[in-house]
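**Q** Just dropping this structure here.
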Amino acid sequence: MNSATVLALLAAGTYALRLAGPIFHRRLQLSERTTRLLGALATVLLAALAATAALTQGHHLADWERPAGVLVGVTLAARRMPLPVVVIGTAATTALLRLLFVP
Amino acid sequence: MSSLCRTLGRTLGRPTLADIALVCAADAVVGATFGAVAVAGGLPAWLPIAMSVLVFAGGAQIAAVGVLVAGGGVVAAVATGLALNTRLLPYSLAVSDVLDTGRWWTRLLGAHLVVDESVAFALRQDDARRRRAAYWLTGVSLFVCWNAAVVLGALVAGTLGNPDTFGLDAVFPAVMVALILPGLSGDRRLRTAAVLGALLAVAATPVLPAGLPLLLAPVALVVVLRKGSGDSAVLSDPFVPSDSVVLSDAVAPSDAAPIHPAPGSADPDPDPEPADR
């Protein structure tokens, strides 16, 4: 139920944003400041989501293997590796650590 | 079909076609992971699949599913996804000349293909015909690759057993950081806001209902912007003074092209390993 609602609202809202071009054509221009603010808002939300997803599980701290893998992924990303490399490096690290340390 | 390929090849040039293929392949890896992680996180397989077709925006899909998997509410999931997708509005304006041709239904269809990659490839072309070709080719190819990969990932995930064994739970946070890193470099105040928002959200997780901690992050942004300067300048860089939406007929289309690093999926500006041919 929740999932369907999220899907419907996200799809409708996203399509509405995409229609701006065809509807307004050249009559609408966002100022640079507005554009930047929107970008900044998305950035802080993503940072918070990444941090909670990396470090917490439910209302508790996650096991350490997950943030360790994330750390490797972030390091790869900071070295400008392509996204698939980040994905594989992250998953492989966490999987390997679990294989080694989880009984 | 092959004549279509030849025509596109002549219009866009082989290097561009190769770049587009590379971006599709990279996005397919991310899409398959998205499908797998969503199903592994306990969501029904139809959700990531339907979401990929109907939302078709990698970053927002990953973020919304991330919130749902963490047990967050509808508001947090939709707000996060839509906040990410606000960039599609300036994108859509930037390619409005491409979207403004053809019948009404091609316009409606074309609008759905506004993503980081299609806009980036379109804006790199110098004349209208090439812009249109690049936009449609990138958009349609990505739509096909992305959705096929998500279906594959969602179906395979069901057969994997415990997905944590494969470290899939670590993938989303890493991808999210990868998406915001380029935007964070060179902007100290945005970095501060991002770190503060992340700390707030993690600190609040034990005490607040799932999903709500996330919504503390915009508070961090407001605090940093307020504190950072008495004047109304936002973030480090200088701004155009007016902050309202400007309605005017005289807009150079290239002005409305703020292609910032892609919370979409793969880097739309690939450095495809020069591979010394």
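Please note that chains go A, B, ... in the order of the structure tokens, that every chain numbers its residues from 1, and that ligands are numbered from 1 in the order shown.
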Could you pull the residues within 9 Å of Thr5 of chain A, counting only C-alpha atoms, minus those fewer than 5 positions along the same chain, as a list of chain:residue names?
**A**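 Listing them by chain and then by number gives A:Leu10, B:Val74, B:Val78.
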**Q** Could those residues be written to a file, using N, CA and C atoms, as a short mmCIF file (atom, residue, chain, number, x, y, z; two decimals), in the first residue's frame?
**A**
```cif
data_model
loop_
_atom_site.label_atom_id
_atom_site.label_comp_id
_atom_site.auth_asym_id
_atom_site.auth_seq_id
_atom_site.Cartn_x
_atom_site.Cartn_y
_atom_site.Cartn_z
N LEU A 10 5.58 9.70 -6.70
CA LEU A 10 6.91 9.98 -7.26
C LEU A 10 6.84 10.05 -8.79
N VAL B 74 5.88 7.25 3.66
CA VAL B 74 5.58 7.73 2.32
C VAL B 74 6.15 9.13 2.11
N VAL B 78 8.85 10.02 -0.82
CA VAL B 78 8.47 10.86 -1.96
C VAL B 78 9.25 12.18 -1.93
#
```
**Q** Applying 10 Å and only C-alpha atoms, which residues near Pro206 of chain B remain after dropping the ones on its own chain fewer than 6 positions away? List them as a PyMOL selection string.
**A** (chain A and resi 56-61) or (chain B and resi 213)
**Q** Would you mind exporting C-alpha atoms of the selected residues as a PDB file, in the first residue's frame?
**A**
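That gives us part.pdb:
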```
ATOM      1  CA  THR A  56      22.019   2.315  10.954  1.00  0.00           C
ATOM      2  CA  GLN A  57      19.695  -0.644  10.773  1.00  0.00           C
ATOM      3  CA  GLY A  58      16.209   0.027  12.097  1.00  0.00           C
ATOM      4  CA  HIS A  59      16.756   2.115  15.215  1.00  0.00           C
ATOM      5  CA  HIS A  60      20.214   0.687  15.903  1.00  0.00           C
ATOM      6  CA  LEU A  61      23.738   0.850  14.548  1.00  0.00           C
TER       7      LEU A  61
ATOM      8  CA  PRO B 213      15.491  11.764  10.639  1.00  0.00           C
TER       9      PRO B 213
END
```
**Q** Mind checking which residues fall within 9 Å of segment 9-15 of chain B, counting only C-alpha atoms, ignoring those fewer than 5 positions away in the same chain, and posting them as a PDB file with C-alpha atoms, in the first residue's frame?
**A**
```pdb
ATOM      1  CA  LEU B   4      18.662   3.727 -39.162  1.00  0.00           C
ATOM      2  CA  ILE B  20      26.147   6.459 -25.519  1.00  0.00           C
ATOM      3  CA  GLN B 125      25.696  18.787 -30.061  1.00  0.00           C
ATOM      4  CA  ARG B 129      19.176  18.094 -35.887  1.00  0.00           C
ATOM      5  CA  ARG B 130      22.069  16.516 -34.006  1.00  0.00           C
ATOM      6  CA  ARG B 131      20.654  17.643 -30.678  1.00  0.00           C
ATOM      7  CA  ALA B 133      19.112  12.752 -32.662  1.00  0.00           C
ATOM      8  CA  ALA B 134      21.385  12.595 -29.605  1.00  0.00           C
TER       9      ALA B 134
END
```
**Q** Could you produce a table of the residues of chain B lying within 6 Å of chain A, with the nearest pair of atoms per residue and their separation in Å rounded to one decimal, using only C-alpha atoms, ordered by chain and increasing residue number, as CSV?
**A**
```
residue,atom,partner,partner_atom,distance
B:Ala26,CA,A:Pro84,CA,6.0
B:Leu54,CA,A:Ala11,CA,5.6
B:Val55,CA,A:Ala11,CA,4.6
B:Val74,CA,A:Val6,CA,5.7
B:Val78,CA,A:Leu10,CA,5.6
B:Ala83,CA,A:Ala42,CA,5.2
B:Leu84,CA,A:Ala42,CA,4.8
B:Leu88,CA,A:Arg18,CA,5.8
B:Leu89,CA,A:Leu17,CA,4.9
B:Ser92,CA,A:Gly21,CA,4.5
B:Leu93,CA,A:Gly21,CA,4.0
B:Ser96,CA,A:Gly21,CA,4.6
B:Leu99,CA,A:Pro22,CA,5.9
B:Asp100,CA,A:Pro22,CA,5.8
B:Ala111,CA,A:Arg18,CA,5.5
B:Thr165,CA,A:Ala95,CA,5.5
B:Phe166,CA,A:Ala95,CA,4.8
B:Gly167,CA,A:Ala91,CA,4.3
B:Leu168,CA,A:Ala91,CA,5.4
B:Ala170,CA,A:Arg66,CA,5.2
B:Val171,CA,A:Val87,CA,5.7
B:Pro173,CA,A:Ala50,CA,4.2
B:Ala174,CA,A:Val70,CA,4.9
B:Met176,CA,A:Ala50,CA,5.9
B:Ala178,CA,A:Ala77,CA,5.2
B:Ile180,CA,A:Thr43,CA,6.0
B:Ala194,CA,A:Val44,CA,4.5
B:Gly197,CA,A:Ala48,CA,5.7
B:Ala198,CA,A:Ala48,CA,3.9
B:Ala201,CA,A:Ala48,CA,5.9
B:Val202,CA,A:Thr52,CA,5.3
B:Thr205,CA,A:His59,CA,5.7
B:Pro206,CA,A:His59,CA,4.4
B:Leu214,CA,A:Ala48,CA,5.9
B:Ala217,CA,A:Leu45,CA,5.7
B:Phe239,CA,A:Arg33,CA,5.8
B:Asp243,CA,A:Arg33,CA,5.7
B:Val245,CA,A:Leu30,CA,4.9
B:Val246,CA,A:Gln29,CA,5.3
B:Leu247,CA,A:Leu28,CA,4.8
B:Ser248,CA,A:Arg27,CA,4.9
B:Asp249,CA,A:Arg27,CA,4.9
B:Ala266,CA,A:Leu83,CA,5.8
```
**Q** Give me, as a PDB file with N, CA and C atoms, in the first residue's frame, all polymer residues having an atom no more than 9 Å from segment 38-46 of chain B, counting only C-alpha atoms and skipping those fewer than 5 positions away in the same chain.
**A**
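The resulting around.pdb:
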```
ATOM      1  N   SER A   3       3.982   1.322  -0.671  1.00  0.00           N
ATOM      2  CA  SER A   3       4.823   1.274  -1.859  1.00  0.00           C
ATOM      3  C   SER A   3       4.095   1.840  -3.061  1.00  0.00           C
TER       4      SER A   3
ATOM      5  N   THR B  33      21.640  -3.715 -10.070  1.00  0.00           N
ATOM      6  CA  THR B  33      21.848  -3.658  -8.626  1.00  0.00           C
ATOM      7  C   THR B  33      20.629  -3.069  -7.925  1.00  0.00           C
ATOM      8  N   MET B  51       8.577   1.127 -10.980  1.00  0.00           N
ATOM      9  CA  MET B  51       9.199   2.418 -10.687  1.00  0.00           C
ATOM     10  C   MET B  51      10.181   2.818 -11.796  1.00  0.00           C
ATOM     11  N   ILE B  62      16.599   5.061  -6.400  1.00  0.00           N
ATOM     12  CA  ILE B  62      17.474   4.506  -5.376  1.00  0.00           C
ATOM     13  C   ILE B  62      17.160   5.133  -4.023  1.00  0.00           C
ATOM     14  N   VAL B  65      13.547   3.993  -2.751  1.00  0.00           N
ATOM     15  CA  VAL B  65      13.589   2.595  -2.312  1.00  0.00           C
ATOM     16  C   VAL B  65      14.445   2.468  -1.052  1.00  0.00           C
ATOM     17  N   GLY B  66      15.522   3.243  -0.970  1.00  0.00           N
ATOM     18  CA  GLY B  66      16.352   3.246   0.230  1.00  0.00           C
ATOM     19  C   GLY B  66      15.546   3.616   1.463  1.00  0.00           C
ATOM     20  N   LEU B  68      12.229   3.347   1.782  1.00  0.00           N
ATOM     21  CA  LEU B  68      11.233   2.290   2.019  1.00  0.00           C
ATOM     22  C   LEU B  68      11.861   1.065   2.674  1.00  0.00           C
ATOM     23  N   VAL B  69      13.039   0.673   2.181  1.00  0.00           N
ATOM     24  CA  VAL B  69      13.705  -0.506   2.740  1.00  0.00           C
ATOM     25  C   VAL B  69      14.064  -0.266   4.211  1.00  0.00           C
ATOM     26  N   ALA B  70      14.412   1.002   4.527  1.00  0.00           N
ATOM     27  CA  ALA B  70      14.759   1.336   5.909  1.00  0.00           C
ATOM     28  C   ALA B  70      13.510   1.477   6.772  1.00  0.00           C
ATOM     29  N   VAL B 151      14.673  -5.379 -14.353  1.00  0.00           N
ATOM     30  CA  VAL B 151      13.893  -6.623 -14.349  1.00  0.00           C
ATOM     31  C   VAL B 151      14.812  -7.797 -14.023  1.00  0.00           C
ATOM     32  N   GLY B 153      17.733  -7.796 -12.494  1.00  0.00           N
ATOM     33  CA  GLY B 153      18.199  -7.722 -11.108  1.00  0.00           C
ATOM     34  C   GLY B 153      17.128  -8.161 -10.129  1.00  0.00           C
ATOM     35  N   ALA B 154      15.890  -7.700 -10.364  1.00  0.00           N
ATOM     36  CA  ALA B 154      14.797  -8.029  -9.452  1.00  0.00           C
ATOM     37  C   ALA B 154      14.513  -9.525  -9.474  1.00  0.00           C
ATOM     38  N   LEU B 155      14.582 -10.137 -10.656  1.00  0.00           N
ATOM     39  CA  LEU B 155      14.280 -11.565 -10.760  1.00  0.00           C
ATOM     40  C   LEU B 155      15.408 -12.407 -10.159  1.00  0.00           C
ATOM     41  N   ALA B 157      17.519 -11.530  -7.839  1.00  0.00           N
ATOM     42  CA  ALA B 157      17.634 -11.342  -6.389  1.00  0.00           C
ATOM     43  C   ALA B 157      16.815 -12.366  -5.633  1.00  0.00           C
ATOM     44  N   GLY B 158      15.658 -12.748  -6.180  1.00  0.00           N
ATOM     45  CA  GLY B 158      14.802 -13.705  -5.498  1.00  0.00           C
ATOM     46  C   GLY B 158      15.448 -15.077  -5.346  1.00  0.00           C
ATOM     47  N   LEU B 160      18.752 -15.562  -4.806  1.00  0.00           N
ATOM     48  CA  LEU B 160      20.099 -15.457  -4.238  1.00  0.00           C
ATOM     49  C   LEU B 160      20.234 -15.973  -2.811  1.00  0.00           C
ATOM     50  N   GLY B 161      19.122 -16.167  -2.121  1.00  0.00           N
ATOM     51  CA  GLY B 161      19.257 -16.470  -0.702  1.00  0.00           C
ATOM     52  C   GLY B 161      19.439 -15.186   0.078  1.00  0.00           C
ATOM     53  N   ASN B 162      20.228 -15.196   1.124  1.00  0.00           N
ATOM     54  CA  ASN B 162      20.413 -13.985   1.928  1.00  0.00           C
ATOM     55  C   ASN B 162      21.285 -12.965   1.187  1.00  0.00           C
ATOM     56  N   PRO B 163      20.702 -11.833   0.790  1.00  0.00           N
ATOM     57  CA  PRO B 163      21.431 -10.863  -0.027  1.00  0.00           C
ATOM     58  C   PRO B 163      22.559 -10.180   0.720  1.00  0.00           C
ATOM     59  N   ASP B 164      22.461 -10.140   2.060  1.00  0.00           N
ATOM     60  CA  ASP B 164      23.535  -9.497   2.817  1.00  0.00           C
ATOM     61  C   ASP B 164      24.866 -10.216   2.609  1.00  0.00           C
ATOM     62  N   LEU B 168      25.145  -6.476  -0.736  1.00  0.00           N
ATOM     63  CA  LEU B 168      24.312  -5.544  -1.502  1.00  0.00           C
ATOM     64  C   LEU B 168      23.799  -4.382  -0.654  1.00  0.00           C
ATOM     65  N   ASP B 169      23.668  -4.611   0.660  1.00  0.00           N
ATOM     66  CA  ASP B 169      23.137  -3.541   1.516  1.00  0.00           C
ATOM     67  C   ASP B 169      24.092  -2.357   1.599  1.00  0.00           C
TER      68      ASP B 169
END
```
**Q** I'd like to know which residues of segment 15-102 of chain A are alpha helix (DSSP H) (by DSSP, run on the backbone); could you write them as a ChimeraX atom specification?
**A** /A:15-18,20-24,32-55,65-78,83-101
**Q** Near Val115 of chain B, within 8 Å and counting only C-alpha atoms, which residues show up once chain neighbours fewer than 5 positions away are dropped, as a list of chain:residue names?
**A**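 Non-adjacent residues within range: B:Phe56, B:Ala57, B:Leu88, B:Tyr91, B:Gly139, B:Gly264.
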**Q** Would you kindly return, as a PyMOL selection string, each protein, DNA or RNA residue with an atom no farther than 12 Å from any atom of Asp27 of chain B, considering only C-alpha atoms and excluding same-chain residues fewer than 2 positions away?
**A** (chain A and resi 82-85+87) or (chain B and resi 20-25+29-34+56-59+115-117+138+141-150+175+264-268+270)
**Q** If I take atom CA of Ala28 of chain B and atom CA of Leu152 of chain B, how far is one from the other in Å, to one decimal?
**A**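 So the two atoms, atom CA of Ala28 of chain B and atom CA of Leu152 of chain B, lie 9.8 Å apart.
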**Q** To test your reading of the structure, identify every residue in chain A that backbone DSSP assigns to strand (DSSP E), and report it as a PDB file with C-alpha atoms, in the first residue's frame.
**A**
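Printed below is out.pdb as written:
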```pdb
ATOM      1  CA  LEU A  28      10.363  30.263 -17.940  1.00  0.00           C
ATOM      2  CA  GLN A  29      13.889  30.486 -16.693  1.00  0.00           C
ATOM      3  CA  THR A  56      22.019   2.315  10.954  1.00  0.00           C
ATOM      4  CA  GLN A  57      19.695  -0.644  10.773  1.00  0.00           C
ATOM      5  CA  HIS A  60      20.214   0.687  15.903  1.00  0.00           C
ATOM      6  CA  LEU A  61      23.738   0.850  14.548  1.00  0.00           C
TER       7      LEU A  61
END
```
